[in-house]
>>> print(open('coords22.tsv').read())   # TSV, C-alpha atoms
chain	number	residue	atom	x	y	z
A	1	MET	CA	78.80	199.11	97.85
A	2	ASN	CA	77.20	199.19	94.42
A	3	ASP	CA	73.77	200.73	94.43
A	4	VAL	CA	72.36	198.09	92.09
A	5	PRO	CA	68.60	197.49	92.22
A	6	LEU	CA	68.59	193.77	93.03
A	7	PHE	CA	64.94	193.16	92.22
A	8	GLN	CA	64.56	195.19	89.05
A	9	GLY	CA	65.49	194.51	85.45
A	10	GLU	CA	64.53	196.26	82.22
A	11	LEU	CA	61.50	194.11	81.40
A	12	VAL	CA	60.62	192.46	84.68
A	13	CYS	CA	60.90	192.84	88.40
A	14	LEU	CA	60.94	190.32	91.23
A	15	ALA	CA	58.17	190.83	93.78
A	16	PRO	CA	56.86	189.02	96.83
A	17	PRO	CA	54.04	186.49	96.31
A	18	GLU	CA	50.61	188.08	96.84
A	19	PRO	CA	48.22	185.14	96.88
A	20	ASP	CA	45.08	187.26	97.34
A	21	ARG	CA	45.88	189.11	94.16
A	22	ASP	CA	47.42	186.29	92.08
A	23	ALA	CA	45.86	182.97	93.07
A	24	GLU	CA	43.23	183.07	90.27
A	25	VAL	CA	45.90	183.50	87.58
A	26	GLU	CA	48.20	180.89	89.14
A	27	SER	CA	45.28	178.46	89.29
A	28	ARG	CA	44.57	179.03	85.58
A	29	TRP	CA	48.20	178.12	84.72
A	30	THR	CA	47.92	174.81	86.55
A	31	HIS	CA	45.07	173.80	84.24
A	32	ASP	CA	47.69	173.64	81.44
A	33	ALA	CA	49.07	170.10	81.88
A	34	GLY	CA	51.91	170.89	79.47
A	35	TYR	CA	53.14	173.64	81.79
A	36	MET	CA	52.89	171.42	84.87
A	37	ARG	CA	54.87	168.67	83.19
A	38	LEU	CA	57.65	171.05	82.24
A	39	LEU	CA	57.88	172.22	85.85
A	40	ALA	CA	57.99	169.03	87.86
A	41	PRO	CA	57.92	165.23	87.86
A	42	GLU	CA	54.90	165.13	90.19
A	43	PRO	CA	51.69	164.07	88.47
A	44	ALA	CA	50.17	167.13	86.76
A	45	ARG	CA	46.87	168.25	88.24
A	46	PRO	CA	44.87	171.47	88.29
A	47	LEU	CA	44.99	173.36	91.59
A	48	SER	CA	42.21	175.58	92.91
A	49	PRO	CA	42.88	179.21	93.94
A	50	GLY	CA	42.04	178.20	97.52
A	51	TYR	CA	44.60	175.40	97.49
A	52	ILE	CA	47.22	177.73	96.03
A	53	LYS	CA	46.59	180.27	98.81
A	54	LYS	CA	47.03	177.49	101.39
A	55	ARG	CA	50.35	176.50	99.77
A	56	HIS	CA	51.59	180.08	100.01
A	57	GLU	CA	50.63	180.15	103.71
A	58	VAL	CA	52.64	176.98	104.31
A	59	VAL	CA	55.65	178.54	102.59
A	60	GLU	CA	55.33	181.68	104.73
A	61	LYS	CA	55.32	179.56	107.88
A	62	GLU	CA	58.40	177.70	106.65
A	63	ASP	CA	60.11	181.05	105.98
A	64	ASP	CA	59.43	182.09	109.58
A	65	LYS	CA	61.14	178.91	110.76
A	66	GLY	CA	64.19	179.78	108.68
A	67	PHE	CA	63.93	177.18	105.93
A	68	GLY	CA	66.50	177.84	103.23
A	69	GLN	CA	64.16	179.15	100.56
A	70	TYR	CA	63.35	182.44	98.80
A	71	HIS	CA	60.15	182.69	96.76
A	72	PHE	CA	59.49	185.52	94.31
A	73	VAL	CA	56.95	186.22	91.62
A	74	ILE	CA	57.94	187.75	88.29
A	75	ARG	CA	55.99	190.84	87.20
A	76	ALA	CA	56.10	192.83	83.95
A	77	ARG	CA	57.53	196.29	84.55
A	78	ALA	CA	55.25	197.76	81.86
A	79	ASP	CA	51.94	197.05	83.64
A	80	ASP	CA	52.84	195.03	86.76
A	81	HIS	CA	50.95	191.93	85.59
A	82	LEU	CA	51.97	188.49	86.83
A	83	LEU	CA	54.29	186.57	84.45
A	84	GLY	CA	55.53	183.68	86.57
A	85	PHE	CA	57.61	182.70	89.57
A	86	VAL	CA	61.24	182.19	90.46
A	87	ARG	CA	62.53	180.49	93.61
A	88	LEU	CA	65.70	179.52	95.40
A	89	GLU	CA	65.14	176.33	97.37
A	90	TYR	CA	66.98	173.65	99.34
A	91	ILE	CA	69.71	176.06	100.39
A	92	GLU	CA	72.42	174.40	102.47
A	93	TRP	CA	74.22	177.25	104.17
A	94	THR	CA	77.22	175.26	105.34
A	95	HIS	CA	78.02	174.32	101.74
A	96	GLY	CA	76.74	177.44	99.99
A	97	ALA	CA	74.61	175.32	97.68
A	98	GLY	CA	71.05	175.86	96.49
A	99	MET	CA	68.57	175.12	93.74
A	100	VAL	CA	66.76	177.46	91.35
A	101	ARG	CA	63.28	176.97	89.84
A	102	LEU	CA	61.54	179.25	87.38
A	103	GLY	CA	58.32	179.23	85.38
A	104	ILE	CA	56.56	181.62	83.00
A	105	GLY	CA	52.89	180.66	83.26
A	106	ASP	CA	51.34	181.70	79.95
A	107	PRO	CA	52.89	179.98	76.90
A	108	HIS	CA	52.36	183.17	74.85
A	109	GLU	CA	54.63	185.05	77.22
A	110	ARG	CA	57.55	182.65	76.81
A	111	GLY	CA	60.36	183.49	74.42
A	112	HIS	CA	60.21	187.24	75.06
A	113	GLY	CA	63.20	187.38	77.39
A	114	TYR	CA	61.18	187.67	80.63
A	115	GLY	CA	62.47	184.39	81.99
A	116	SER	CA	66.08	185.09	81.00
A	117	GLU	CA	66.03	188.44	82.74
A	118	ALA	CA	64.37	187.00	85.84
A	119	LEU	CA	67.05	184.27	85.90
A	120	GLU	CA	69.77	186.92	85.64
A	121	LEU	CA	68.24	188.73	88.63
A	122	ILE	CA	67.92	185.62	90.77
A	123	LEU	CA	71.51	184.56	89.97
A	124	ARG	CA	72.79	187.93	91.09
A	125	TYR	CA	70.66	187.59	94.24
A	126	ALA	CA	72.01	184.09	94.90
A	127	PHE	CA	75.67	185.01	94.42
A	128	ASP	CA	75.83	188.68	95.51
A	129	GLU	CA	73.26	188.74	98.32
A	130	LEU	CA	73.06	185.16	99.63
A	131	ASN	CA	76.76	184.54	98.86
A	132	LEU	CA	76.17	181.01	97.60
A	133	HIS	CA	78.89	179.01	95.89
A	134	ARG	CA	76.81	176.91	93.51
A	135	LEU	CA	73.31	176.58	92.14
A	136	MET	CA	71.55	173.56	90.76
A	137	ALA	CA	68.67	173.37	88.30
A	138	ILE	CA	66.74	170.23	87.43
A	139	THR	CA	64.88	169.45	84.23
A	140	SER	CA	64.31	166.58	81.85
A	141	GLU	CA	65.23	165.22	78.46
A	142	TYR	CA	61.74	166.15	77.17
A	143	ASN	CA	62.34	169.82	77.99
A	144	PRO	CA	65.27	170.84	75.74
A	145	GLY	CA	64.07	174.44	75.93
A	146	ALA	CA	64.86	174.52	79.65
A	147	VAL	CA	68.31	172.98	79.07
A	148	ARG	CA	69.15	175.70	76.53
A	149	PHE	CA	67.65	178.34	78.84
A	150	PHE	CA	69.95	177.40	81.72
A	151	GLU	CA	72.98	176.79	79.48
A	152	ARG	CA	72.66	180.32	78.07
A	153	ALA	CA	72.96	181.60	81.64
A	154	GLY	CA	76.17	179.60	82.12
A	155	PHE	CA	74.88	176.32	83.61
A	156	THR	CA	76.41	172.97	82.59
A	157	VAL	CA	74.63	169.61	82.46
A	158	GLU	CA	76.28	167.68	85.29
A	159	VAL	CA	74.14	164.57	85.78
A	160	ARG	CA	72.01	162.47	83.45
A	161	GLN	CA	69.78	160.14	85.49
A	162	ARG	CA	68.94	157.56	82.90
A	163	GLN	CA	65.26	156.74	82.37
A	164	ALA	CA	64.26	158.38	85.67
A	165	LEU	CA	60.99	159.71	84.22
A	166	ARG	CA	58.10	158.02	82.46
A	167	ARG	CA	55.58	160.03	80.49
A	168	ASP	CA	53.46	159.33	77.43
A	169	GLY	CA	54.47	155.69	77.32
A	170	ARG	CA	58.21	156.11	77.20
A	171	ARG	CA	61.13	156.78	79.48
A	172	TRP	CA	63.17	159.98	79.62
A	173	ASP	CA	66.35	160.98	81.39
A	174	ALA	CA	66.22	163.46	84.29
A	175	LEU	CA	68.89	166.14	84.07
A	176	ILE	CA	70.73	168.09	86.73
A	177	LEU	CA	72.55	171.28	85.75
A	178	GLY	CA	75.00	173.26	87.87
A	179	LEU	CA	76.53	176.73	87.92
A	180	LEU	CA	79.53	177.66	90.09
A	181	ARG	CA	80.22	181.12	91.44
A	182	PRO	CA	83.51	181.54	89.49
A	183	GLU	CA	81.72	180.59	86.25
A	184	TRP	CA	79.02	183.17	86.92
A	185	GLU	CA	81.62	185.83	87.79
A	186	ALA	CA	83.60	185.15	84.61
A	187	LYS	CA	80.44	185.46	82.55
A	188	ARG	CA	79.58	188.76	84.19
A	189	LYS	CA	83.08	190.14	83.54
A	190	GLY	CA	82.81	188.91	79.96
A	191	GLY	CA	80.39	191.75	79.26
A	192	ASP	CA	77.09	189.90	79.32
A	193	HIS	CA	76.06	192.17	82.13
A	194	PRO	CA	76.76	195.82	81.31
B	1	MET	CA	59.83	131.29	105.07
B	2	SER	CA	60.83	133.60	102.25
B	3	THR	CA	64.20	135.28	102.60
B	4	LEU	CA	63.33	138.62	100.99
B	5	PHE	CA	64.86	140.50	103.95
B	6	GLN	CA	67.89	138.28	104.33
B	7	GLY	CA	71.29	138.36	102.65
B	8	GLU	CA	74.45	136.31	103.16
B	9	LEU	CA	75.87	138.37	106.04
B	10	VAL	CA	73.01	140.57	107.19
B	11	ARG	CA	69.26	140.89	107.44
B	12	LEU	CA	67.03	143.96	107.29
B	13	ALA	CA	64.94	144.48	110.42
B	14	ALA	CA	62.35	146.89	111.77
B	15	PRO	CA	63.65	149.39	114.32
B	16	ASN	CA	62.85	148.82	117.98
B	17	PRO	CA	63.12	152.29	119.56
B	18	GLU	CA	63.39	150.88	123.12
B	19	THR	CA	66.66	149.11	122.41
B	20	ASP	CA	68.02	150.56	119.14
B	21	ALA	CA	67.84	154.33	119.76
B	22	GLU	CA	70.71	154.10	122.24
B	23	VAL	CA	72.96	152.37	119.70
B	24	MET	CA	72.04	154.82	116.91
B	25	ALA	CA	72.74	157.79	119.20
B	26	ARG	CA	76.20	156.38	119.92
B	27	TRP	CA	76.96	156.13	116.18
B	28	MET	CA	76.52	159.89	115.82
B	29	HIS	CA	79.39	160.56	118.22
B	30	ASP	CA	81.59	159.32	115.37
B	31	SER	CA	81.83	162.46	113.24
B	32	GLU	CA	83.42	160.59	110.33
B	33	TYR	CA	80.32	158.38	110.12
B	34	ALA	CA	78.09	161.49	110.14
B	35	ARG	CA	80.10	163.15	107.39
B	36	LEU	CA	80.00	160.09	105.16
B	37	LEU	CA	76.23	159.86	105.63
B	38	ASP	CA	74.87	163.36	105.19
B	39	THR	CA	75.40	166.89	103.86
B	40	ALA	CA	73.89	168.32	107.06
B	41	PRO	CA	76.36	169.45	109.71
B	42	ALA	CA	77.52	166.55	111.88
B	43	ARG	CA	75.77	166.72	115.25
B	44	MET	CA	74.93	164.42	118.10
B	45	ARG	CA	71.43	163.46	119.15
B	46	SER	CA	70.21	161.94	122.38
B	47	ALA	CA	68.75	158.45	122.45
B	48	LYS	CA	65.53	160.03	123.66
B	49	HIS	CA	65.37	162.27	120.57
B	50	LEU	CA	65.99	159.36	118.19
B	51	LYS	CA	63.42	157.22	119.98
B	52	ALA	CA	60.83	159.98	119.53
B	53	GLU	CA	61.81	160.33	115.85
B	54	ILE	CA	61.23	156.65	115.18
B	55	GLU	CA	57.89	156.73	116.97
B	56	LYS	CA	56.86	159.87	115.09
B	57	SER	CA	57.65	158.13	111.79
B	58	TRP	CA	55.13	155.43	112.71
B	59	GLU	CA	52.37	158.02	112.96
B	60	LYS	CA	52.90	159.53	109.54
B	61	GLU	CA	53.74	156.23	107.80
B	62	THR	CA	54.35	157.75	104.35
B	63	PRO	CA	54.16	155.36	101.43
B	64	ASP	CA	57.28	156.81	99.79
B	65	GLU	CA	59.71	155.73	102.51
B	66	PHE	CA	60.99	152.32	103.64
B	67	PHE	CA	63.42	152.38	106.55
B	68	PHE	CA	65.28	149.32	107.86
B	69	LEU	CA	68.01	148.54	110.33
B	70	ILE	CA	70.88	146.25	109.33
B	71	ARG	CA	71.61	143.30	111.66
B	72	THR	CA	74.30	140.66	111.33
B	73	LEU	CA	73.13	137.09	110.72
B	74	VAL	CA	75.83	135.58	112.95
B	75	ASP	CA	74.97	137.35	116.22
B	76	ASP	CA	72.04	139.65	115.37
B	77	ARG	CA	74.14	142.72	116.14
B	78	LEU	CA	72.75	146.11	115.03
B	79	ILE	CA	75.41	147.62	112.73
B	80	GLY	CA	73.69	150.16	110.47
B	81	LEU	CA	70.67	151.51	108.68
B	82	ILE	CA	69.38	151.51	105.11
B	83	GLU	CA	66.44	153.31	103.54
B	84	LEU	CA	64.53	153.73	100.32
B	85	ASP	CA	62.96	157.17	100.10
B	86	GLY	CA	61.79	159.83	97.68
B	87	ILE	CA	59.88	157.15	95.80
B	88	ARG	CA	58.14	158.52	92.71
B	89	TRP	CA	55.56	155.90	92.02
B	90	THR	CA	54.45	157.28	88.66
B	91	HIS	CA	58.01	157.16	87.35
B	92	GLY	CA	59.25	154.09	89.24
B	93	ASP	CA	62.28	155.90	90.63
B	94	CYS	CA	63.59	156.10	94.22
B	95	TRP	CA	66.66	156.98	96.30
B	96	VAL	CA	68.62	154.69	98.55
B	97	GLY	CA	70.76	155.69	101.53
B	98	ILE	CA	72.92	153.46	103.73
B	99	GLY	CA	75.13	153.94	106.78
B	100	LEU	CA	77.17	151.54	108.87
B	101	GLY	CA	77.52	153.01	112.34
B	102	GLU	CA	79.75	150.23	113.65
B	103	ARG	CA	83.21	150.89	112.22
B	104	GLU	CA	84.59	147.38	112.64
B	105	TYR	CA	82.14	146.28	109.92
B	106	TRP	CA	83.47	148.76	107.33
B	107	GLY	CA	85.12	147.31	104.24
B	108	LYS	CA	84.08	143.69	104.93
B	109	GLY	CA	81.11	143.30	102.62
B	110	TYR	CA	78.31	143.96	105.12
B	111	GLY	CA	77.13	147.17	103.42
B	112	THR	CA	77.38	145.60	99.97
B	113	ASP	CA	75.28	142.66	101.18
B	114	ALA	CA	72.63	144.99	102.67
B	115	MET	CA	72.53	146.92	99.40
B	116	ARG	CA	71.96	143.68	97.44
B	117	VAL	CA	69.04	142.84	99.72
B	118	ILE	CA	67.39	146.24	99.38
B	119	LEU	CA	67.82	146.29	95.58
B	120	ARG	CA	66.01	142.97	95.41
B	121	TYR	CA	63.29	144.50	97.56
B	122	ALA	CA	63.08	147.61	95.33
B	123	PHE	CA	62.83	145.61	92.10
B	124	THR	CA	60.83	142.53	93.10
B	125	GLU	CA	58.55	143.82	95.88
B	126	LEU	CA	58.12	147.52	95.09
B	127	ASN	CA	58.42	146.88	91.33
B	128	LEU	CA	60.42	150.05	90.72
B	129	HIS	CA	62.23	150.78	87.48
B	130	ARG	CA	65.41	152.31	88.86
B	131	VAL	CA	67.23	153.14	92.08
B	132	SER	CA	69.28	156.33	92.49
B	133	LEU	CA	71.88	157.39	95.02
B	134	SER	CA	74.34	160.15	95.70
B	135	VAL	CA	77.71	159.72	97.37
B	136	PHE	CA	80.47	162.10	98.38
B	137	GLU	CA	83.67	162.23	96.36
B	138	TYR	CA	85.75	161.39	99.44
B	139	ASN	CA	83.80	158.20	100.23
B	140	LEU	CA	85.80	155.84	98.00
B	141	ARG	CA	84.86	152.74	99.98
B	142	ALA	CA	81.16	153.39	99.32
B	143	ILE	CA	81.65	154.12	95.62
B	144	CYS	CA	83.50	150.84	95.23
B	145	SER	CA	80.71	148.96	97.04
B	146	TYR	CA	77.97	150.55	94.90
B	147	GLU	CA	79.82	149.63	91.70
B	148	LYS	CA	80.10	146.07	92.95
B	149	VAL	CA	76.31	145.69	93.10
B	150	GLY	CA	75.83	147.29	89.66
B	151	PHE	CA	75.40	151.04	90.15
B	152	VAL	CA	76.75	153.21	87.32
B	153	VAL	CA	78.10	156.76	87.71
B	154	GLU	CA	75.66	159.15	86.01
B	155	GLY	CA	77.43	162.43	86.72
B	156	CYS	CA	78.50	164.71	89.54
B	157	ALA	CA	77.38	167.95	91.14
B	158	ARG	CA	80.68	169.81	91.11
B	159	GLN	CA	82.01	171.39	94.31
B	160	PHE	CA	78.77	170.82	96.20
B	161	LEU	CA	80.36	170.21	99.61
B	162	GLN	CA	82.62	172.44	101.66
B	163	ARG	CA	84.49	170.39	104.25
B	164	ASP	CA	87.90	170.67	105.87
B	165	GLY	CA	88.80	173.77	103.91
B	166	ARG	CA	88.12	172.52	100.42
B	167	ARG	CA	85.29	171.69	98.08
B	168	TRP	CA	84.18	168.19	97.05
B	169	ASP	CA	81.84	166.85	94.38
B	170	ILE	CA	78.71	164.81	95.02
B	171	ILE	CA	78.63	161.84	92.67
B	172	PHE	CA	75.29	160.55	91.37
B	173	MET	CA	74.80	156.86	90.54
B	174	GLY	CA	71.90	154.80	89.30
B	175	ILE	CA	70.91	151.24	88.46
B	176	LEU	CA	68.11	150.25	86.09
B	177	ARG	CA	65.81	147.27	86.49
B	178	GLU	CA	67.16	145.57	83.36
B	179	GLU	CA	70.75	146.02	84.55
B	180	TRP	CA	69.86	144.48	87.90
B	181	GLU	CA	67.98	141.61	86.24
B	182	SER	CA	70.84	140.74	83.90
B	183	ARG	CA	73.12	140.38	86.95
B	184	GLN	CA	70.77	137.88	88.64
B	185	ARG	CA	71.17	135.30	85.87
>>> encode(input="coords22.tsv", output="structure tokens")
Amino acid sequence: MNDVPLFQGELVCLAPPEPDRDAEVESRWTHDAGYMRLLAPEPARPLSPGYIKKRHEVVEKEDDKGFGQYHFVIRARADDHLLGFVRLEYIEWTHGAGMVRLGIGDPHERGHGYGSEALELILRYAFDELNLHRLMAITSEYNPGAVRFFERAGFTVEVRQRQALRRDGRRWDALILGLLRPEWEAKRKGGDHP
Amino acid sequence: MSTLFQGELVRLAAPNPETDAEVMARWMHDSEYARLLDTAPARMRSAKHLKAEIEKSWEKETPDEFFFLIRTLVDDRLIGLIELDGIRWTHGDCWVGIGLGEREYWGKGYGTDAMRVILRYAFTELNLHRVSLSVFEYNLRAICSYEKVGFVVEGCARQFLQRDGRRWDIIFMGILREEWESRQR
């Protein structure tokens, strides 16, 4: 077996959520409506540190019951500070299918390669550790940055749900992207991953 | 009386756990039905379990879910179920799911009729903007029925399902309010 550190890249590492340490920072991110709207279709709203801690407790309980989900936070290797989160959710073991979600909380920390490296790590985790066959990512027409982000990692836009979202007085398409194990393997062999 | 819940062959009705749970439990013994309906592994449930599920759903009465049973107009026979769920009120989007547990009603227009009734409900009572659904690649009868009422293929999640030794796509379809309206004229 390869002795590859699954949770560690060059710039970032994946770590377990630590709500007592991180809830203040996570709460601050949710006060940025722009960030919340990039992440999800649910109405954006600021969340208190207390609420965020409660959410983490719920997730821990779900984990104990064996829900198909794996939550990580992304930390900078340089000084261990919190950069964002990455999650595998809605895993269906019989089909080997799951969904990936990722966010870098502070807009100033986007575009430095943290997210791309975290995505690389979670893909390896999904395919080499969880042995999944395909991953899904969802985003929207108003987030072309996310589409490019996932496409660079090998994802393909598979579904365009016309006008499924309404924000700022107009309608936008919702997008579903997919990545299959053989596509990910071919990309790895292609030399993207030394 | 208004006929919002009534089509040409079927009507949508509220579930009665005392009498309907038994019928719904019997449907799940038909593994083909289960595998057309859901990605979850086909399994059987007791009538008692289903009865409790229906009663539990009354307690939590979520506003983003509308569940109906499908009954024939001719003899009021319970033949299937249909549901709007995952409603996103701010965006006006929702999902629809349908299953006909009684095989002898497959391919005769009963599902299509139920779908017409629930689309009317989604657009004229709930005032939604679009209705979404997903259907398995191997369910050709359903795809044909959805196209008949105006759904358009919007893409597919490749190789999502693993069943009977091979992989199958999940096809995504949608219908917009204006598309539905133009078909009513």
>>> atom_distance(input="coords22.tsv", atom1="CA of Ser2 in chain B", atom2="CA of Ile118 in chain B")
14.5 Å
>>> closest_atom_pairs(input="coords22.tsv", of="chain B", to="chain A", cutoff="9 Å", atoms="only C-alpha atoms", output="CSV")
residue,atom,partner,partner_atom,distance
B:Thr39,CA,A:His95,CA,8.2
B:Ala40,CA,A:Glu92,CA,7.8
B:Pro41,CA,A:Thr94,CA,7.3
B:Arg88,CA,A:Glu42,CA,7.8
B:Thr90,CA,A:Arg166,CA,7.2
B:His91,CA,A:Arg166,CA,5.0
B:Gly92,CA,A:Ala164,CA,7.5
B:Asp93,CA,A:Ala164,CA,5.9
B:Cys94,CA,A:Ala164,CA,8.9
B:His129,CA,A:Ala164,CA,8.1
B:Arg130,CA,A:Ala164,CA,7.0
B:Val131,CA,A:Ala164,CA,8.8
B:Ser132,CA,A:Gln161,CA,8.0
B:Val153,CA,A:Val159,CA,9.0
B:Glu154,CA,A:Arg160,CA,5.6
B:Gly155,CA,A:Val159,CA,4.0
B:Cys156,CA,A:Glu158,CA,5.6
B:Ala157,CA,A:Glu158,CA,6.0
B:Arg158,CA,A:Gly178,CA,7.4
B:Gln159,CA,A:Arg134,CA,7.6
B:Phe160,CA,A:Ala97,CA,6.3
B:Leu161,CA,A:His95,CA,5.2
B:Gln162,CA,A:His95,CA,5.0
B:Arg163,CA,A:His95,CA,8.0
B:Arg167,CA,A:His95,CA,8.6
B:Ile171,CA,A:Val159,CA,8.7
B:Phe172,CA,A:Val159,CA,7.0
B:Met173,CA,A:Gln161,CA,7.8
B:Gly174,CA,A:Gln161,CA,6.9
B:Ile175,CA,A:Arg162,CA,8.6
B:Leu176,CA,A:Gln163,CA,8.0
>>> atom_distance(input="coords22.tsv", atom1="CA of Asp32 in chain A", atom2="CA of Ala174 in chain A")
21.3 Å
>>> atom_distance(input="coords22.tsv", atom1="CA of Val100 in chain A", atom2="CA of Leu119 in chain A")
8.7 Å
>>> closest_residue(input="coords22.tsv", among="A:Met99, A:Leu121, A:Ala33, A:Ala126", to="Leu11 in chain A", atoms="all atoms listed in the file")
A:Leu121
>>> residues_around(input="coords22.tsv", residues="Tyr138 in chain B", least_positions_apart="5", cutoff="10 Å", atoms="all atoms listed in the file", output="JSON, numbers by chain")
{"B": [35, 36, 143, 168, 169, 170, 171]}
>>> write_last_selection(input="coords22.tsv", atoms="C-alpha atoms", output="PDB file, in the coordinates of the input")
ATOM      1  CA  ARG B  35      80.100 163.150 107.390  1.00  0.00           C
ATOM      2  CA  LEU B  36      80.000 160.090 105.160  1.00  0.00           C
ATOM      3  CA  ILE B 143      81.650 154.120  95.620  1.00  0.00           C
ATOM      4  CA  TRP B 168      84.180 168.190  97.050  1.00  0.00           C
ATOM      5  CA  ASP B 169      81.840 166.850  94.380  1.00  0.00           C
ATOM      6  CA  ILE B 170      78.710 164.810  95.020  1.00  0.00           C
ATOM      7  CA  ILE B 171      78.630 161.840  92.670  1.00  0.00           C
TER       8      ILE B 171
END
>>> residues_around(input="coords22.tsv", residues="Glu10 in chain A", least_positions_apart="3", cutoff="8 Å", atoms="only C-alpha atoms", output="PyMOL selection string")
chain A and resi 13+77+117
>>> closest_residue(input="coords22.tsv", among="B:Tyr110, B:Phe68, B:Tyr33, B:Trp27", to="Leu12 in chain B", atoms="only C-alpha atoms")
B:Phe68
>>> closest_residue(input="coords22.tsv", among="A:Phe67, A:Tyr51, A:Tyr35, A:Tyr114", to="Asn143 in chain A", atoms="only C-alpha atoms")
A:Tyr35
>>> residues_around(input="coords22.tsv", residues="Glu181 in chain B", least_positions_apart="2", cutoff="12 Å", atoms="all atoms listed in the file", output="ChimeraX atom specification")
/B:119-120,122-124,129-130,149-150,175-179,183-185
>>> write_last_selection(input="coords22.tsv", atoms="C-alpha atoms", output="PDB file, in the coordinates of the input")
ATOM      1  CA  LEU B 119      67.820 146.290  95.580  1.00  0.00           C
ATOM      2  CA  ARG B 120      66.010 142.970  95.410  1.00  0.00           C
ATOM      3  CA  ALA B 122      63.080 147.610  95.330  1.00  0.00           C
ATOM      4  CA  PHE B 123      62.830 145.610  92.100  1.00  0.00           C
ATOM      5  CA  THR B 124      60.830 142.530  93.100  1.00  0.00           C
ATOM      6  CA  HIS B 129      62.230 150.780  87.480  1.00  0.00           C
ATOM      7  CA  ARG B 130      65.410 152.310  88.860  1.00  0.00           C
ATOM      8  CA  VAL B 149      76.310 145.690  93.100  1.00  0.00           C
ATOM      9  CA  GLY B 150      75.830 147.290  89.660  1.00  0.00           C
ATOM     10  CA  ILE B 175      70.910 151.240  88.460  1.00  0.00           C
ATOM     11  CA  LEU B 176      68.110 150.250  86.090  1.00  0.00           C
ATOM     12  CA  ARG B 177      65.810 147.270  86.490  1.00  0.00           C
ATOM     13  CA  GLU B 178      67.160 145.570  83.360  1.00  0.00           C
ATOM     14  CA  GLU B 179      70.750 146.020  84.550  1.00  0.00           C
ATOM     15  CA  ARG B 183      73.120 140.380  86.950  1.00  0.00           C
ATOM     16  CA  GLN B 184      70.770 137.880  88.640  1.00  0.00           C
ATOM     17  CA  ARG B 185      71.170 135.300  85.870  1.00  0.00           C
TER      18      ARG B 185
END
>>> decode(input="coords22.tsv", residues="range 60-70 of chain B", atoms="N, CA, C and O atoms", output="compact mmCIF listing (two decimals), in the first residue's frame")
# COMPACT_ATOMS: atom_id res chain seq x y z
N LYS B 60 -45.12 16.18 11.78
CA LYS B 60 -44.13 17.20 11.41
C LYS B 60 -44.57 18.05 10.23
O LYS B 60 -43.90 19.02 9.90
N GLU B 61 -45.67 17.69 9.59
CA GLU B 61 -46.34 18.55 8.60
C GLU B 61 -45.43 19.65 8.02
O GLU B 61 -45.61 20.83 8.31
N THR B 62 -44.44 19.27 7.24
CA THR B 62 -43.53 20.28 6.69
C THR B 62 -44.17 20.96 5.49
O THR B 62 -44.88 20.32 4.72
N PRO B 63 -43.93 22.25 5.35
CA PRO B 63 -44.58 22.98 4.27
C PRO B 63 -43.91 22.77 2.91
O PRO B 63 -44.34 23.35 1.93
N ASP B 64 -42.85 21.95 2.86
CA ASP B 64 -42.19 21.76 1.56
C ASP B 64 -42.48 20.37 0.99
O ASP B 64 -41.74 19.86 0.19
N GLU B 65 -43.57 19.75 1.44
CA GLU B 65 -43.90 18.41 0.99
C GLU B 65 -45.41 18.24 0.83
O GLU B 65 -46.17 18.59 1.74
N PHE B 66 -45.85 17.72 -0.30
CA PHE B 66 -47.28 17.45 -0.52
C PHE B 66 -47.42 16.04 -1.07
O PHE B 66 -47.04 15.77 -2.20
N PHE B 67 -47.95 15.15 -0.22
CA PHE B 67 -48.03 13.73 -0.57
C PHE B 67 -49.48 13.35 -0.82
O PHE B 67 -50.37 13.70 -0.05
N PHE B 68 -49.71 12.63 -1.93
CA PHE B 68 -51.07 12.18 -2.26
C PHE B 68 -51.06 10.70 -2.66
O PHE B 68 -50.04 10.20 -3.12
N LEU B 69 -52.20 10.06 -2.50
CA LEU B 69 -52.37 8.75 -3.09
C LEU B 69 -53.19 8.90 -4.37
O LEU B 69 -53.99 9.83 -4.52
N ILE B 70 -52.97 7.98 -5.30
CA ILE B 70 -53.68 8.00 -6.59
C ILE B 70 -54.78 6.95 -6.56
O ILE B 70 -54.50 5.77 -6.28
